[in-house]
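Okay, structure first, notes after.
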Amino acid sequence: MIRARGLVKAFDDFTAVDGIDVEVRPGEAFGFLGPNGAGKSSTMRMIGCVSPPTAGELTVLGMDPRTDGPRIRAGLGVVPQRDSLDEELTVEENIWVYGRYFGLPRRLVRERAAELLEFAQLTDRARSVVEPLSGGMKRRLTIARALVNSPRILLLDEPTTGLDPQARHVLWDRLFRLKREGVTLVLTTHYMDEAEQLCDRLVVMDHGRIVAEGSPSALIAQHSTREVLELRFDTADHAAHLGGVEGVADRVEVLPDRLLLYTPDGEAAQSELHRRGLEPLSALVRRSTLEDVFLHLTGRTLVD
Amino acid sequence: MAGTGTTSGRVAPGADGGTAPLTGGWQAVTAHWLAKYRRVWFGTAITSFLSPLLYLAGMGYGLGMLVDRGAGGIDGVPYVVFVAPGVLAATTLQVAAGETTFSVMGSIKWDRTYHGMLATPLGVRDVVTGHLAYVLVRLTMAAVVFFGVAAALGTVRSWWGLLAVPVAVLGGLAFASCCYAYSASLTNDRGLALMFRFVVMPMTLFSGTFFPIEQLPGWLQPVAWLTPLWHAVDASRTLVLGTADPGGVLLHVGYLALWAAGGYLAAVRVLHRRMVV
Amino acid sequence: MAAPDQGRVAAAGRLARAVPIPAGAGMARMLVERNYRSFRRTWVIIASGFFEPVFFLFAMGVGIGSLVGDVETEGRLVPYVVFVAPALLAASAMNGAVFDSTTNVFFKLKYAKLYDSVLATPLGPRDVALGEIAWALLRGLVYSAAFLAVAALAGAVTSPLALLAVPAATLIGWAFASIGMAATTYMRTWADFDYVQLAILPMFLFSATFFPLETYPAALQGVVQATPLFHGVAMVRDLMLGQVGPDLLVHVAYLVVLGLVGTAWTARRIERLLLR
C-alpha cells in the first residue's frame, strides 16, 4: 500500500524526516510513534501528497505522489491533526461537500453520508452546525468525512490528542471496526497506550529517523524487560538513590520524579530493596510498555 | 494612566496594609486598549487619518468643481467648505463604529479579553467605561488631525470652528456607546456586517454630510434629524462657518449627550447580562 | 471507491503534468458548490451588499445631482446621475470582488483552514484559485445585474448596450478578485487589510468615478488613466452611454491581462503556502 525508501523531507532550516524506510501492507494498522517534532506529521503529509518529498522514493497505492497526487488522494482518507471541518456548514453538509470534492455523484454522497453519520454516532446532530459540537464529536465527524470516498488507506494524524478518556475509547472502537472491514489504517501518535491498542505494527521515530520497528509486543520483548518497578522517594534529586538500588535490576532509568527499575520480576526486586532497608514513598510494579521502549531507545519520555 | 502612581490598584491587597484600592479601575482597561492600539496604529492611521483626507480631496475639490460650477457652491460657500465639517463628523462616526464592533464581540467571544478582565476585581462598568474612554482618545486624535489639515486648507471660516472638534468627538461618542451596546448583545458577527451596511453607510451618506438634507425627499428629512450624525454635522458646520447660534448648538449638543448617556447605560446593562451569568 | 471519477482525475493528472501551472483536478466547480451551500446560511449579508451602490446612487443622483446639473463626458452633456451610475457599477464590482477575495479568503486560509482539507482530496491549488475566483464572479454578476435594474429605474440607463455592462462588471470583478486573492496570500494579520484600503480608496475616489477626467490637473490625468479602475469605469460608461469605440478594446485588454496574471499568481501562491 505504502512503500518508502530513504525518504527525506528537508525545510530551509531543518530536516524533518531524515531517510526513513517504511512498508505498509494491505489491511494492517500501522503506527508512527514518537514525541512531538519527531517527523511523524511530515511523513503523513508526504504520504497524503500535500508535501513533496525532498529525496528518496515513495509510492502510495502503487503510484508516485510527485506526479499522481490527485489520483492517489482519490483513494485516501485524511484525518489531519487539527480538525479542519467546514464551520460554515452543517454536520451532514460537511460530508456532502467533501464527497463532492472527490467528484462523487450527489445521490451517492447523500446515501453515504447517512451511513457515515450512523457510524460516527452523529445522526441526531446531522442538521446542527459544526461549531457547538464537542471535541470528540468533531473528531468523529472528521473521520466520517474522511471515509466518504471509501478510501483504501485512512491516514490519521494524532487521532485522539486533546480528547477526554471516554471520547478516546469511543474513537478507538470506531477505528477497530474500520480495521475489521479491511481499511488500512496509518496513524501517528505520541501515546503509547494508543499505539498498543490500535497498531499491528509500528515504527518508533525520533529526530526524523526510525529507531525501531515491529509489533508492540515484539518491541517490548526486544527493547525492555517484562516488568518495571517504579520508585518515588521524598527527595529533590532521584539520582541520589542510584547507589542504593545498584544490582537490583537489569537497568535503571532516572526521571525527575521517580526511578524506573527494569527487571523480569518486579516483586523480587521490591523485596530485595526492602531487605536492604530502602524506604521509598511509593513502589509500583507494572508491565513494560512502549513508553519504556521509547525511553530505552532515546533516553527521553514520549510526552513531555 | 493607571498603574504608575502610588494609588495604583496593581498592588496585591494587604501589601501595603490594605489601604490600596483593590482595582486598577477603568483606567486599567483603557491602558489595555491603548497598548493594543500602539501595535497597529500605523495601519489604522491609513483608515482613520488618510481616508478622510482623501474624501475631502475627492469630494471637496473634485466633485466640488462640478457643484460650484452647477450651483455656485452651497448656501453661498464653496462646496469644499461645506463638505469639510461633514467629513469631520463622518470620520468620528467611522472611528466609533470601527472601535466598538468587532473588538467588542471579539473580547466577549473570540479572544475572551473581557473574561480575563472580569476575572480580576474589575467590574462590568469599568470594562465599558475603559473601552469607551479609549474610543474617546481615538476620536479626539482623528478629529484633531483632520481639523488641522482642513483648517490649513482654508476651509475653516471662524475661530468658533475650534469647537467643532469637541462637537464631532461627542457625536462619535454618542454613536460609539449605542454601537457598543448593540455589539455586546450579538451572538455572531452577521449583525455587525448588517449594521455597517444599513446604519453606518446610509447615515454617512444621508445626514447632511455631502449635501444638505433639504435635497432629500420630504419624508426622509425627519429621519435624518433623528440621527446623531446629522446633529454633529449641523453643529460643526455652523461653528466652522461662523454662523452658529448658541441655542442651536446647545440643542444639538444636548441631543448628542442624551444618546451618549443612554447608550452607555444600555451598554453596561447588556454587557452585564452577557458576562455575569 | 471513487470509481466514477477515476477517469477524469487521471486525465487531470496528465494535464497537470503537461501544463506548467499549478496542479488541479479540473474540479473548481466543487468549491463553488461548497460556497453556494455556505451562502444559503448567510445570504442576508451577501444580499445586503447590493444596497451599498444603491445608497450611493441615491445619494449622488438625488443629493448631488441637482446641485451639479449636467456634466460633459465624451463631448456630450448628460445629467449627473447618468454620468455617475456607470462609475458606481464599476466601483462596486471592484469593492465587492476585493472584499470577497481578501477578507473571506484570508479567513478560510488562516483560521478555518478550509483549503488544507480541500487539498487532501483530489482537488489541487488551481482548483482552489479558480473556484474562489469563480464564486466571487458569480456574486458580482448578480450584484451588477441588480444594480443595473435599479439604475434603469432611476433613469440612468440610456442605451440598450447597457446590458453589456453586466459582463463588463464581471470582468472588473475578475481582475480585482484575482489580484486581491493573490495579495491575501501575503497577509499576516487582519491589520494588513488596512493597506488594501489604501489601494482601493484612492481608486474609488479618483478614477474619473465622481467627476470627469478633464477635471483633473493635466499632470494627474496620466496617473488616473493608469489605474485599473479607470479602465473599468470607462468601459462601463462607454457601454451604458452607448458610445462604443476602439478604446473599449484597450480597457478590456487591460483588465483581462490583470485577471490572468492574478489567477496564475494566486494558484502559485496557494501551492507555495499549502503544499510544502
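Naming scheme: A, B, ... for chains in displayed order of the C-alpha cells; residues 1 onward per chain; ligands 1 onward as shown.
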
For Val81 of chain B: contacts at 9 Å, only C-alpha atoms, fewer than 4 positions along chain excluded, given as a PDB file with C-alpha atoms, in the first residue's frame:
```pdb
ATOM      1  CA  GLY B  60     -14.473  68.666  -1.714  1.00  0.00           C
ATOM      2  CA  ILE B  74     -23.894  75.614  -1.309  1.00  0.00           C
ATOM      3  CA  VAL B  77     -19.868  78.927   0.275  1.00  0.00           C
ATOM      4  CA  PRO B  85     -17.226  69.709   8.598  1.00  0.00           C
ATOM      5  CA  ALA B 150      -8.911  71.156   6.900  1.00  0.00           C
ATOM      6  CA  GLY B 154      -8.619  77.300   4.493  1.00  0.00           C
ATOM      7  CA  THR B 155     -11.951  75.577   4.933  1.00  0.00           C
ATOM      8  CA  VAL B 156     -12.493  76.888   8.471  1.00  0.00           C
ATOM      9  CA  ARG B 157     -14.072  80.325   8.427  1.00  0.00           C
ATOM     10  CA  ARG B 237     -20.857  73.206  10.153  1.00  0.00           C
ATOM     11  CA  VAL B 240     -16.886  76.268  11.231  1.00  0.00           C
ATOM     12  CA  LEU B 241     -18.769  78.760   9.072  1.00  0.00           C
TER      13      LEU B 241
END
```

- request: Would you kindly return, as number ranges by chain, each protein, DNA or RNA residue with an atom no farther than 8 Å from any atom of Phe56 of chain C, considering only C-alpha atoms and excluding same-chain residues fewer than 3 positions away?
  value: B: 205; C: 52-53, 59-60, 88

Would you save the residues of that selection, restricted to C-alpha atoms, as a short mmCIF file (atom, residue, chain, number, x, y, z; two decimals), in the first residue's frame?
```
data_model
loop_
_atom_site.label_atom_id
_atom_site.label_comp_id
_atom_site.auth_asym_id
_atom_site.auth_seq_id
_atom_site.Cartn_x
_atom_site.Cartn_y
_atom_site.Cartn_z
CA LEU B 205 -24.39 59.49 3.05
CA GLU C 52 -24.30 49.76 -1.00
CA PRO C 53 -24.11 51.01 -4.60
CA ALA C 59 -27.04 59.99 -2.66
CA MET C 60 -25.29 61.02 -5.84
CA LEU C 88 -20.78 53.21 -9.25
#
```

- request: Could you give me, as a PyMOL selection string, the residues within 6 Å of Ala38 of chain A, counting only C-alpha atoms and dropping anything in the same chain fewer than 4 positions from it?
  value: chain A and resi 34+205-208

Just to be explicit: take each residue in the selection above, keep C-alpha atoms, and write the result as an mmCIF file, in the first residue's frame.
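Everything below was put into again-v1.cif:
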```
data_model
loop_
_atom_site.group_PDB
_atom_site.id
_atom_site.type_symbol
_atom_site.label_atom_id
_atom_site.label_comp_id
_atom_site.auth_asym_id
_atom_site.auth_seq_id
_atom_site.Cartn_x
_atom_site.Cartn_y
_atom_site.Cartn_z
ATOM 1 C CA GLY A 34 7.271 9.347 18.570
ATOM 2 C CA MET A 205 10.549 7.724 15.298
ATOM 3 C CA ASP A 206 12.915 10.206 16.863
ATOM 4 C CA HIS A 207 14.616 13.215 15.266
ATOM 5 C CA GLY A 208 13.365 12.259 11.803
#
```

Set the cut-off to 8 Å and count only C-alpha atoms: what are the residues of chain C that reach chain B? Output as a short mmCIF file (atom, residue, chain, number, x, y, z; two decimals) with C-alpha atoms, in the first residue's frame.
```cif
data_model
loop_
_atom_site.label_atom_id
_atom_site.label_comp_id
_atom_site.auth_asym_id
_atom_site.auth_seq_id
_atom_site.Cartn_x
_atom_site.Cartn_y
_atom_site.Cartn_z
CA THR C 42 -25.52 33.78 5.15
CA ILE C 45 -25.41 39.59 4.47
CA SER C 48 -27.25 43.28 1.61
CA GLY C 49 -24.14 44.06 -0.42
CA PHE C 51 -27.66 48.07 -1.24
CA GLU C 52 -24.30 49.76 -1.00
CA PHE C 55 -27.37 54.01 -1.50
CA PHE C 56 -24.54 55.72 -3.33
CA ALA C 59 -27.04 59.99 -2.66
CA VAL C 62 -30.78 62.78 -5.68
CA GLY C 63 -28.49 64.68 -3.36
CA ILE C 64 -25.63 65.82 -5.53
CA LEU C 67 -26.57 70.65 -7.38
CA VAL C 68 -24.28 69.65 -10.21
CA GLY C 69 -26.73 69.71 -13.10
CA ASP C 70 -25.40 68.35 -16.37
CA VAL C 71 -21.90 67.02 -16.87
CA ALA C 191 -4.32 44.72 10.42
CA ASP C 192 -2.77 44.22 6.98
CA ASP C 194 -5.83 48.49 6.13
CA TYR C 195 -3.28 48.51 3.32
CA GLN C 197 -7.99 50.12 1.82
CA LEU C 198 -5.05 52.29 0.99
CA LEU C 201 -9.99 54.10 -1.64
CA PRO C 202 -7.93 56.43 -3.86
CA LEU C 205 -12.46 58.36 -5.47
CA PHE C 206 -10.10 59.26 -8.28
CA PHE C 210 -17.40 61.05 -9.43
CA PHE C 211 -16.05 63.69 -11.80
CA THR C 215 -11.49 67.99 -14.23
CA TYR C 216 -8.11 66.66 -13.01
#
```

query: Between B:Ala152, B:Leu88, B:Asn188, B:Leu56, which is the closest to chain A once you count only C-alpha atoms?
result: B:Asn188

message: I want to know what sits within 9 Å of His252 of chain B, based on only C-alpha atoms, with residues of the same chain fewer than 6 positions away left out; could you give that as a list in words?
response: Val167, Pro228, His231, Ala232, Asp234 and Ala235 of chain B

- prompt: Which polymer residues have any atom within 9 Å of an atom of Ala151 of chain C, counting only C-alpha atoms, with same-chain residues fewer than 6 positions away left out, as a list in words?
  reply: Val54, Leu57, Val81, Val82, Ala85, Pro86 and Val157 of chain C

message: From a backbone DSSP assignment, name each residue in segment 26-260 of chain B labelled alpha helix (DSSP H), as an NGL selection string.
response: :B and (26-45 or 51-55 or 64-71 or 79-99 or 102-105 or 113-118 or 124-152 or 164-185 or 190-195 or 201-206 or 221-226 or 228-241 or 246-260)

message: Give me, as a ChimeraX atom specification, the residues of chain A touching chain C, with the criterion being at most 8 Å (counting only C-alpha atoms).
response: /A:48-52,67-78,84-89,93,97-98,100-104,149-152

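Take atom CA of His190 of chain A and atom CA of Leu202 of chain A: the distance between them is 12.0 Å.
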
field: Shell around Ser183 of chain B at 8 Å using only C-alpha atoms, local window under 3 positions removed, as a ChimeraX atom specification
entry: /B:100-102,104-105,179-180,186,192

Requested write-out: N, CA, C and O atoms of the selected residues, as a short mmCIF file (atom, residue, chain, number, x, y, z; two decimals), in the first residue's frame:
```cif
data_model
loop_
_atom_site.label_atom_id
_atom_site.label_comp_id
_atom_site.auth_asym_id
_atom_site.auth_seq_id
_atom_site.Cartn_x
_atom_site.Cartn_y
_atom_site.Cartn_z
N THR B 100 -15.99 49.85 18.17
CA THR B 100 -16.97 49.28 19.11
C THR B 100 -17.77 48.14 18.50
O THR B 100 -18.87 47.84 18.95
N THR B 101 -17.24 47.53 17.45
CA THR B 101 -17.97 46.42 16.84
C THR B 101 -17.20 45.11 17.02
O THR B 101 -17.43 44.40 17.98
N PHE B 102 -16.28 44.87 16.11
CA PHE B 102 -15.59 43.58 16.15
C PHE B 102 -14.75 43.42 17.42
O PHE B 102 -14.62 42.31 17.94
N VAL B 104 -15.44 44.53 20.37
CA VAL B 104 -16.32 44.19 21.50
C VAL B 104 -16.75 42.72 21.40
O VAL B 104 -16.64 41.97 22.36
N MET B 105 -17.18 42.35 20.20
CA MET B 105 -17.60 40.95 20.04
C MET B 105 -16.43 40.00 20.28
O MET B 105 -16.58 38.98 20.95
N CYS B 179 -23.53 51.75 19.79
CA CYS B 179 -23.00 50.67 18.97
C CYS B 179 -22.38 49.59 19.86
O CYS B 179 -22.50 48.40 19.59
N TYR B 180 -21.76 50.05 20.96
CA TYR B 180 -21.18 49.12 21.92
C TYR B 180 -22.28 48.21 22.47
O TYR B 180 -22.14 46.97 22.51
N LEU B 186 -24.95 40.89 20.50
CA LEU B 186 -24.99 39.93 19.40
C LEU B 186 -24.27 38.63 19.76
O LEU B 186 -23.30 38.63 20.50
N LEU B 192 -23.15 42.56 12.74
CA LEU B 192 -22.21 43.68 12.60
C LEU B 192 -22.11 44.10 11.14
O LEU B 192 -22.16 45.30 10.83
#
```

task: Pick out the residues sitting within 6 Å of segment 231-242 of chain A, and hand them over as a ChimeraX atom specification; count only C-alpha atoms, and ignore anything fewer than 3 positions along from it in its own chain.
output: /A:245,258-259,280-283

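Rounded to one decimal, atom CA of Trp265 of chain C and atom CA of Gly96 of chain C lie 20.2 Å from each other.
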
- request: Quick one: pull the distance between atom CA of Phe176 of chain C and atom CA of Arg188 of chain C, Å, one decimal.
  value: 20.0 Å
